[in-house]
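Structure data (mmCIF, C-alpha atoms) from query18.cif:
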data_model
loop_
_atom_site.label_atom_id
_atom_site.label_comp_id
_atom_site.auth_asym_id
_atom_site.auth_seq_id
_atom_site.Cartn_x
_atom_site.Cartn_y
_atom_site.Cartn_z
CA MET Q 955 -0.69 10.75 -21.01
CA LEU Q 956 -3.22 11.61 -23.70
CA ASN Q 957 -0.84 13.70 -25.78
CA ARG Q 958 1.53 10.77 -26.20
CA GLY Q 959 -1.21 8.48 -27.48
CA LYS Q 960 -3.75 10.94 -28.84
CA ASN Q 961 -4.17 9.09 -32.14
CA ARG Q 962 -4.52 5.81 -30.28
CA PHE Q 963 -7.25 7.10 -27.97
CA ASP Q 964 -9.07 9.66 -30.07
CA ARG Q 965 -12.74 10.38 -29.32
CA SER Q 966 -14.09 7.73 -31.70
CA THR Q 967 -11.80 5.03 -30.25
CA VAL Q 968 -12.88 5.90 -26.71
CA ILE Q 969 -16.55 5.64 -27.71
CA LYS Q 970 -15.84 2.28 -29.38
CA LEU Q 971 -14.14 1.03 -26.21
CA LEU Q 972 -17.08 2.17 -24.06
CA LYS Q 973 -19.39 0.14 -26.28
CA ASP Q 974 -17.02 -2.83 -25.91
CA PHE Q 975 -17.31 -2.58 -22.11
CA VAL Q 976 -21.10 -2.70 -22.34
CA ASN Q 977 -20.97 -5.72 -24.64
CA ARG Q 978 -18.00 -7.30 -22.80
CA ASN Q 979 -15.83 -7.59 -25.89
CA ASP Q 980 -12.88 -8.26 -23.60
CA ASP Q 981 -10.49 -9.52 -26.28
CA GLU Q 982 -10.94 -6.40 -28.36
CA ILE Q 983 -10.47 -4.19 -25.29
CA HIS Q 984 -7.17 -5.92 -24.51
CA ASP Q 985 -6.06 -5.65 -28.14
CA ILE Q 986 -6.75 -1.91 -28.30
CA VAL Q 987 -5.47 -0.88 -24.86
CA SER Q 988 -3.26 -3.41 -23.07
CA LYS Q 989 -3.03 -7.09 -22.26
CA ASN Q 990 -1.34 -6.33 -18.93
CA ALA Q 991 -4.36 -5.16 -16.93
CA PRO Q 992 -7.79 -6.62 -16.06
CA VAL Q 993 -10.71 -5.31 -18.10
CA ALA Q 994 -12.23 -3.64 -15.02
CA ASP Q 995 -9.03 -1.61 -14.52
CA ILE Q 996 -8.90 -0.73 -18.21
CA PHE Q 997 -12.45 0.62 -17.88
CA GLU Q 998 -11.27 2.97 -15.14
CA TYR Q 999 -8.46 4.15 -17.43
CA VAL Q 1000 -10.76 4.69 -20.43
CA LEU Q 1001 -13.31 6.51 -18.25
CA GLY Q 1002 -10.56 8.98 -17.35
CA ILE Q 1003 -9.78 9.60 -21.02
CA ALA Q 1004 -13.51 9.96 -21.78
CA TRP Q 1005 -13.76 12.65 -19.10
CA TYR Q 1006 -10.78 14.43 -20.65
CA TYR Q 1007 -12.88 14.89 -23.79
CA ILE Q 1008 -16.02 15.75 -21.81
CA SER Q 1009 -14.06 18.42 -19.90
CA GLN Q 1010 -12.73 19.78 -23.21
CA GLY Q 1011 -9.19 19.11 -22.06
CA LYS Q 1012 -9.46 21.08 -18.80
CA VAL Q 1013 -8.44 18.24 -16.48
CA ASN Q 1014 -5.07 16.50 -16.14
CA ILE Q 1015 -5.98 12.83 -16.43
CA ARG Q 1016 -2.50 11.52 -15.67
CA GLU Q 1017 -2.56 13.30 -12.29
CA SER Q 1018 -6.18 12.36 -11.67
CA LEU Q 1019 -5.89 8.60 -12.18
CA LYS Q 1020 -4.95 6.80 -8.98
CA MET Q 1021 -3.99 3.56 -10.72
CA THR Q 1022 -0.52 2.26 -11.59
CA LEU Q 1023 0.63 2.88 -15.19
CA ASP Q 1024 3.45 1.25 -17.14
CA ALA Q 1025 6.32 3.01 -18.94
CA SER Q 1026 4.02 3.67 -21.92
CA LEU Q 1027 1.40 5.21 -19.59
CA LEU Q 1028 -0.96 2.28 -20.08
CA PRO Q 1029 -2.90 0.74 -17.17
CA LEU Q 1030 -1.42 -1.93 -14.91
CA SER Q 1031 -3.39 -2.08 -11.66
CA HIS Q 1032 -6.29 -0.55 -9.78
CA ALA Q 1033 -6.09 2.23 -7.19
CA ALA Q 1034 -5.44 1.32 -3.56
CA GLY Q 1035 -8.53 0.60 -1.45
CA TYR Q 1036 -8.22 3.86 0.47
CA GLN Q 1037 -8.60 5.96 -2.67
CA GLY Q 1038 -11.31 6.49 -5.23
CA ASP Q 1039 -10.73 5.78 -8.89
CA ILE Q 1040 -10.28 9.20 -10.51
CA GLU Q 1041 -9.97 12.49 -8.59
CA LEU Q 1042 -10.55 15.59 -10.72
CA HIS Q 1043 -9.53 18.85 -9.08
CA TYR Q 1044 -11.27 21.91 -10.49
CA ASP Q 1045 -10.77 25.47 -9.20
CA ASN Q 1046 -14.03 25.46 -7.25
CA ARG Q 1047 -14.90 21.77 -6.89
CA THR Q 1048 -13.49 18.25 -6.70
CA VAL Q 1049 -15.13 15.54 -8.79
CA LEU Q 1050 -14.60 11.86 -8.02
CA LEU Q 1051 -15.30 9.34 -10.79
CA GLU Q 1052 -16.00 5.78 -9.65
CA ALA Q 1053 -16.06 3.02 -12.27
CA THR Q 1054 -17.49 -0.50 -12.16
CA LEU Q 1055 -18.48 -3.31 -14.51
CA MET Q 1056 -20.37 -5.17 -11.79
CA ASP Q 1057 -23.91 -6.16 -12.77
CA ARG Q 1058 -27.05 -5.35 -10.78
CA SER Q 1059 -26.92 -8.56 -8.75
CA THR Q 1060 -23.47 -7.82 -7.28
CA GLN Q 1061 -23.39 -4.02 -7.31
CA LYS Q 1062 -24.99 -3.45 -3.91
CA ARG Q 1063 -22.59 -5.84 -2.19
CA GLY Q 1064 -19.48 -4.86 -4.15
CA GLU Q 1065 -19.80 -1.12 -4.79
CA LEU Q 1066 -22.18 0.54 -2.35
CA GLU Q 1067 -19.82 0.69 0.64
CA PRO Q 1068 -16.56 1.48 -1.23
CA VAL Q 1069 -18.09 4.31 -3.27
CA ILE Q 1070 -19.57 5.95 -0.17
CA ARG Q 1071 -16.30 5.44 1.74
CA HIS Q 1072 -14.16 6.94 -1.02
CA THR Q 1073 -16.57 9.86 -1.35
CA VAL Q 1074 -16.57 10.60 2.37
CA ASN Q 1075 -12.78 10.36 2.62
CA LEU Q 1076 -12.28 12.77 -0.26
CA ALA Q 1077 -14.99 15.15 0.98
CA VAL Q 1078 -13.32 15.37 4.40
CA GLU Q 1079 -9.92 15.95 2.81
CA CYS Q 1080 -11.31 18.63 0.46
CA GLY Q 1081 -12.41 20.70 3.45
CA ASN Q 1082 -14.68 23.53 2.34
CA LYS Q 1083 -14.34 22.68 -1.36
CA PRO Q 1084 -17.55 21.01 -2.64
CA GLU Q 1085 -17.12 17.39 -3.71
CA GLN Q 1086 -19.19 15.54 -6.32
CA THR Q 1087 -19.03 11.82 -7.04
CA ILE Q 1088 -20.19 10.37 -10.36
CA PHE Q 1089 -20.58 6.60 -10.35
CA VAL Q 1090 -20.39 5.06 -13.85
CA ALA Q 1091 -21.48 1.45 -14.40
CA SER Q 1092 -22.38 -0.86 -17.26
CA GLU Q 1093 -25.83 -1.13 -15.68
CA LEU Q 1094 -27.42 0.46 -12.63
CA ASP Q 1095 -29.16 -1.07 -9.62
CA ASN Q 1096 -32.01 1.28 -8.62
CA ASN Q 1097 -31.57 0.33 -4.96
CA VAL Q 1098 -27.92 1.40 -5.08
CA VAL Q 1099 -28.85 4.61 -6.92
CA ASN Q 1100 -31.46 5.50 -4.29
CA ILE Q 1101 -29.20 4.69 -1.33
CA PHE Q 1102 -26.55 6.98 -2.81
CA ARG Q 1103 -29.22 9.69 -2.95
CA ALA Q 1104 -30.20 9.08 0.67
CA ALA Q 1105 -26.57 9.42 1.77
CA SER Q 1106 -26.89 13.18 1.24
CA PHE Q 1107 -28.71 13.29 4.62
CA ILE Q 1108 -26.35 11.14 6.70
CA GLU Q 1109 -23.39 12.33 8.77
CA LEU Q 1110 -20.48 10.09 7.77
CA GLU Q 1111 -16.95 9.76 9.16
CA HIS Q 1112 -13.62 9.43 7.37
CA SER Q 1113 -12.44 5.80 7.40
CA ALA Q 1114 -8.88 6.55 8.57
CA LYS Q 1115 -8.69 10.11 9.92
CA ASP Q 1116 -10.61 12.39 12.26
CA GLY Q 1117 -13.35 14.23 10.46
CA ALA Q 1118 -16.88 13.83 9.17
CA VAL Q 1119 -19.20 15.31 6.56
CA LEU Q 1120 -22.90 16.11 6.71
CA GLY Q 1121 -23.97 14.11 3.69
CA VAL Q 1122 -22.35 13.27 0.36
CA ASN Q 1123 -23.40 13.95 -3.23
CA ILE Q 1124 -23.26 10.77 -5.38
CA PHE Q 1125 -24.88 10.57 -8.81
CA ALA Q 1126 -24.94 7.47 -11.01
CA MET Q 1127 -24.98 7.10 -14.78
CA SER Q 1128 -24.64 4.18 -17.16
CA ILE Q 1129 -21.88 3.67 -19.72
CA GLN Q 1130 -24.54 3.97 -22.44
CA GLU Q 1131 -25.49 7.39 -21.10
CA LEU Q 1132 -21.82 8.37 -21.05
CA ILE Q 1133 -21.58 7.35 -24.72
CA GLU Q 1134 -24.56 9.58 -25.52
CA ILE Q 1135 -22.93 12.46 -23.62
CA MET Q 1136 -19.78 12.05 -25.72
CA ASN Q 1137 -21.72 11.76 -28.97
CA LYS Q 1138 -23.63 14.96 -28.16
CA GLN Q 1139 -20.40 16.64 -26.96
CA ILE Q 1140 -22.03 17.68 -23.68
CA ASN Q 1141 -19.44 19.21 -21.36
CA ASP Q 1142 -18.63 18.60 -17.72
CA GLN Q 1143 -19.96 21.97 -16.59
CA LYS Q 1144 -23.47 21.18 -17.80
CA ILE Q 1145 -23.38 17.73 -16.18
CA ILE Q 1146 -22.31 19.05 -12.78
CA GLU Q 1147 -24.70 22.02 -12.90
CA GLN Q 1148 -27.71 19.82 -13.66
CA ILE Q 1149 -26.82 17.33 -10.92
CA ASN Q 1150 -26.48 20.09 -8.34
CA LYS Q 1151 -29.69 21.86 -9.34
CA SER Q 1152 -31.52 18.77 -8.07
CA ILE Q 1153 -29.94 18.59 -4.62
CA GLN Q 1154 -32.62 18.19 -1.96
CA GLN Q 1155 -32.42 20.71 0.86
CA THR Q 1156 -34.50 18.73 3.36
CA PRO Q 1157 -34.90 14.97 3.88
CA SER Q 1158 -37.80 13.36 2.05
CA LEU Q 1159 -38.82 9.99 0.63
CA ILE Q 1160 -36.79 9.01 -2.42
CA TYR Q 1161 -38.76 7.48 -5.27
CA ARG Q 1162 -37.54 5.82 -8.42
CA GLY Q 1163 -37.22 8.06 -11.47
CA TRP Q 1164 -35.43 11.04 -9.91
CA ARG Q 1165 -32.14 10.16 -11.63
CA GLU Q 1166 -33.77 9.79 -15.05
CA ARG Q 1167 -35.25 13.30 -14.78
CA ILE Q 1168 -31.79 14.74 -14.19
CA MET Q 1169 -30.35 12.76 -17.10
CA GLN Q 1170 -33.06 14.21 -19.37
CA GLN Q 1171 -31.90 17.71 -18.41
CA ILE Q 1172 -28.27 16.80 -19.02
CA MET Q 1173 -29.08 15.39 -22.48
CA ALA Q 1174 -31.38 18.28 -23.48
#
As structure tokens - that is how I would like this structure written.
Amino acid sequence: MLNRGKNRFDRSTVIKLLKDFVNRNDDEIHDIVSKNAPVADIFEYVLGIAWYYISQGKVNIRESLKMTLDASLLPLSHAAGYQGDIELHYDNRTVLLEATLMDRSTQKRGELEPVIRHTVNLAVECGNKPEQTIFVASELDNNVVNIFRAASFIELEHSAKDGAVLGVNIFAMSIQELIEIMNKQINDQKIIEQINKSIQQTPSLIYRGWRERIMQQIMA
């Protein structure tokens, strides 16, 4: 996918598009990418390309995206409800990227349940392979962020098959933070390592600020 349109979606263009999502420059987004998909679906598509650069080309984005693409490999429609947005299969880990442009006031109602459901389903299907979800949004609701953290101590069942997992690992970051990661050319290995260094081994109260401390380590 990226090789065919590498000049069209080079690193600088992807960063420009990420800024457009933050500022909701929808017309420019459609002009650069496609007029045949909603902006929210285009964000999912661009997030996949961004992660291609962050991973230094290690992941196959075309295979990872669960959305429908047209003949030119441009986005058409969102992934089915059963699936997460972008599934990245590494040798020793699976990473799920979940994308949203919902604001703080609608995020808890619109994203909390689906992100946890998609994460649980994938974690069950991955078996013994560790699974990490990274939730990327234009802005973050601290309540959602903290509930994701608390879900690491809840046994959760697959929504359609037999099977359950003892907690899920969901970390949230903003599009602006993703832009900074790309500008600093921080790679996926550092991101995942820093997230997993902070995993709590025993249940405890979750206070605001834990996510920001991890982001500081990622950006350092």
Closest-contact table, region 1122-1169 of chain Q side, partner region 1067-1084 of chain Q, 12 Å, counting all atoms listed in the file, as a Markdown table:
| residue | atom | partner | partner_atom | distance |
| --- | --- | --- | --- | --- |
| Q:Val1122 | CA | Q:Val1074 | CA | 6.7 |
| Q:Asn1123 | CA | Q:Thr1073 | CA | 8.2 |
| Q:Ile1124 | CA | Q:Thr1073 | CA | 7.9 |
| Q:Phe1125 | CA | Q:Val1069 | CA | 10.8 |
| Q:Ala1126 | CA | Q:Val1069 | CA | 10.8 |
| Q:Ile1146 | CA | Q:Pro1084 | CA | 11.4 |
| Q:Asn1150 | CA | Q:Pro1084 | CA | 10.6 |
Dump C-alpha atoms for the selected residues as a PDB file, keeping the file's coordinate frame?
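Result file is result_10.pdb:
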ATOM      1  CA  VAL Q1122     -22.350  13.270   0.360  1.00  0.00           C
ATOM      2  CA  ASN Q1123     -23.400  13.950  -3.230  1.00  0.00           C
ATOM      3  CA  ILE Q1124     -23.260  10.770  -5.380  1.00  0.00           C
ATOM      4  CA  PHE Q1125     -24.880  10.570  -8.810  1.00  0.00           C
ATOM      5  CA  ALA Q1126     -24.940   7.470 -11.010  1.00  0.00           C
ATOM      6  CA  ILE Q1146     -22.310  19.050 -12.780  1.00  0.00           C
ATOM      7  CA  ASN Q1150     -26.480  20.090  -8.340  1.00  0.00           C
TER       8      ASN Q1150
END
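The space separating CA of Leu1001 (chain Q) from CA of Trp1164 (chain Q) comes to 24.1 Å.
Checking Q:Ile1160, Q:Gln1130, Q:Ala1174, Q:Leu1028 one by one against Gln1148 (chain Q), counting all atoms listed in the file, you find the shortest gap at Q:Ala1174.
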If the PyMOL selection byres ((chain Q and resi 1129) around 8) is run on the structure shown, which residues does it catch, given as a list in words? Leu972, Lys973, Val976, Val1090, Ala1091, Ser1092, Glu1093, Met1127, Ser1128, Gln1130, Glu1131, Leu1132 and Ile1133 of chain Q
Selection in question (the file shown): the PyMOL selection byres ((chain Q and resi 992) around 10). Which residues does it include, as a count of residues only? 16
Picked residues, the PyMOL selection byres ((chain Q and resi 1043) around 10), expected as a ChimeraX atom specification: /Q:1012-1014,1017-1018,1040-1042,1044-1050,1080,1083,1085
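Between CA of Lys1138 (chain Q) and CA of Tyr1007 (chain Q) the interatomic distance comes to 11.6 Å.
CA of Glu1052 (chain Q) is found 19.4 Å from CA of Gly1011 (chain Q).
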Extract, using only C-alpha atoms, all DNA, RNA and protein residues at most 8 Å from region 1119-1121 of chain Q, discarding same-chain residues fewer than 5 positions from it, and format them as a PyMOL selection string. chain Q and resi 1074+1077-1078+1105-1111
